[in-house]
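In what follows, a single structure is set out as structure tokens and then discussed.
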Amino acid sequence: MNTNEQTIQKIERFLGKIVQKFPCVSEPGIMTDLHIKVVQESGELLAFDDDDNEITRCVVDQWIENKETDFYSNVAKILRETIINNKSKIDNLGIIKPYNLVLENDEREHVSELYVADDDTVIIGGDLMQGLDKELDAFLNHLLSEE
């Protein structure tokens with residue numbers, strides 16, 4: 001999926017509205033994760049807190065009725081890149097750390113972790129445990145073959 005400048009600008013404004021909702025304060029009092037929902041059919045991009053309170057929404061025209069099978073993985077990549085470019089703002093939200101930005105599909109099912117922030121650790125990536133089963137199996141096979 002090629003991303004146009006208008007899409008990036010909409011996502012940046014979307015993130016900016018989240019930052020406005022949770023401004024940086026010396027003693028954050030809010031404890032929540034941010035759930036970002038993308039509706040493939042309508043192109044809607046929505047943000048919710050843990051209590052399902054809507055924070056903001058917009059429509060990304062480029063995503064309306066997008067039929068690509070890898071739509072959500074492409075959207076996750078675009079969102080991650082935009083978050084990285086706005087990291088200084090996102091990393092200083094007035095939310096108690098650790099907090100996550102989680103991508104969900106139109107049925108509110110978990111798709112991917114976009115961003116995990118803690119005081120000393122920031123993780124930006126996809127499935128954090130991707131390939132772990134294969135690595136553990138290979139390690140176990142290696143241990144068993146040494147006997």
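Residue names in the structure tokens use chain letters A, B, ... in the order shown, residue numbers from 1 in each chain, and ligand numbers from 1 in the order shown.
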
Non-local contacts of Cys24 of chain A (10 Å; only C-alpha atoms; under 3 positions in same chain excluded) as an NGL selection string | :A and (19-21 or 27-28 or 89-95)

Residue among A:Lys17, A:Arg57, A:Lys77, A:Arg108 lying closest to Gly43 of chain A, counting only C-alpha atoms = A:Arg57

Residue with smallest distance to Asn74 of chain A - pool A:Gln40, A:Glu135, A:Val116, A:Ser88, counting only C-alpha atoms |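 Checking each candidate against Asn74 of chain A, we get A:Gln40 as the closest.
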
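What separates atom CA of Asn100 of chain A from atom CA of Glu12 of chain A is a distance of 17.7 Å.
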
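Of the listed residues A:Ser73, A:Gln62, A:Thr32, A:Asn86, the one whose atoms come nearest to Arg13 of chain A is A:Asn86, with distances taken using only C-alpha atoms.
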
Check the DSSP output for the backbone and give back, as a tab-separated table (two decimals) with N, CA and C atoms, in the first residue's frame, the residues of segment 1-106 of chain A in strand (DSSP E or B).
chain	number	residue	atom	x	y	z
A	30	ILE	N	-3.71	9.36	35.13
A	30	ILE	CA	-4.53	8.47	34.31
A	30	ILE	C	-3.76	7.20	34.01
A	34	LEU	N	-4.05	2.80	25.04
A	34	LEU	CA	-4.77	3.43	23.94
A	34	LEU	C	-5.03	2.38	22.87
A	35	HIS	N	-6.28	2.22	22.52
A	35	HIS	CA	-6.70	1.24	21.54
A	35	HIS	C	-7.05	1.98	20.25
A	36	ILE	N	-6.34	1.65	19.20
A	36	ILE	CA	-6.55	2.29	17.91
A	36	ILE	C	-7.28	1.29	17.02
A	37	LYS	N	-8.46	1.68	16.62
A	37	LYS	CA	-9.31	0.80	15.81
A	37	LYS	C	-9.36	1.35	14.39
A	38	VAL	N	-9.19	0.45	13.43
A	38	VAL	CA	-9.29	0.82	12.02
A	38	VAL	C	-10.41	0.00	11.40
A	39	VAL	N	-11.31	0.69	10.72
A	39	VAL	CA	-12.43	0.03	10.04
A	39	VAL	C	-12.11	0.01	8.55
A	44	GLU	N	-12.35	4.49	8.70
A	44	GLU	CA	-12.33	5.19	9.98
A	44	GLU	C	-11.12	4.77	10.81
A	45	LEU	N	-10.54	5.74	11.48
A	45	LEU	CA	-9.44	5.55	12.42
A	45	LEU	C	-9.93	6.14	13.74
A	46	LEU	N	-10.04	5.29	14.77
A	46	LEU	CA	-10.61	5.72	16.05
A	46	LEU	C	-9.65	5.37	17.18
A	47	ALA	N	-9.68	6.16	18.23
A	47	ALA	CA	-8.88	5.88	19.43
A	47	ALA	C	-9.82	5.81	20.63
A	48	PHE	N	-9.56	4.80	21.48
A	48	PHE	CA	-10.35	4.58	22.69
A	48	PHE	C	-9.41	4.36	23.86
A	54	GLU	N	-14.39	7.03	23.65
A	54	GLU	CA	-13.76	7.49	22.41
A	54	GLU	C	-12.94	8.75	22.68
A	55	ILE	N	-11.71	8.75	22.20
A	55	ILE	CA	-10.81	9.89	22.36
A	55	ILE	C	-10.87	10.78	21.13
A	56	THR	N	-10.76	10.17	19.97
A	56	THR	CA	-10.82	10.92	18.72
A	56	THR	C	-11.09	9.97	17.57
A	57	ARG	N	-11.41	10.54	16.41
A	57	ARG	CA	-11.65	9.75	15.21
A	57	ARG	C	-11.40	10.60	13.99
A	58	CYS	N	-11.12	9.94	12.89
A	58	CYS	CA	-11.02	10.60	11.59
A	58	CYS	C	-11.26	9.54	10.53
A	59	VAL	N	-11.38	9.97	9.29
A	59	VAL	CA	-11.53	9.05	8.17
A	59	VAL	C	-10.33	9.23	7.26
A	95	ILE	N	-0.02	9.92	30.83
A	95	ILE	CA	-0.56	8.61	31.21
A	95	ILE	C	0.51	7.90	32.03
A	99	TYR	N	2.43	2.16	29.23
A	99	TYR	CA	1.20	2.19	28.44
A	99	TYR	C	1.48	1.68	27.04
A	100	ASN	N	0.43	1.21	26.39
A	100	ASN	CA	0.53	0.61	25.06
A	100	ASN	C	-0.37	1.34	24.09
A	101	LEU	N	0.02	1.35	22.85
A	101	LEU	CA	-0.86	1.70	21.75
A	101	LEU	C	-1.08	0.40	21.00
A	102	VAL	N	-2.33	-0.03	20.94
A	102	VAL	CA	-2.69	-1.33	20.39
A	102	VAL	C	-3.58	-1.13	19.17
A	103	LEU	N	-3.27	-1.81	18.07
A	103	LEU	CA	-4.10	-1.75	16.88
A	103	LEU	C	-5.14	-2.85	16.95
A	104	GLU	N	-6.40	-2.47	16.65
A	104	GLU	CA	-7.50	-3.42	16.63
A	104	GLU	C	-8.22	-3.32	15.29

Neighbours of Thr3 of chain A within 8 Å (only C-alpha atoms; same-chain residues fewer than 3 positions away dropped), as a list in words?
->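 Counting only the stated atoms, we get Thr7, Ile8, Gln62 and Ile78 of chain A.
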
Pairwise distance for atom CA of Glu113 of chain A and atom CA of Lys97 of chain A, rounded to one decimal in Å |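 Between these atoms lies a distance of 15.5 Å.
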
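Taking atom CA of Tyr115 of chain A and atom CA of Ile84 of chain A as endpoints, the distance between them is 9.0 Å.
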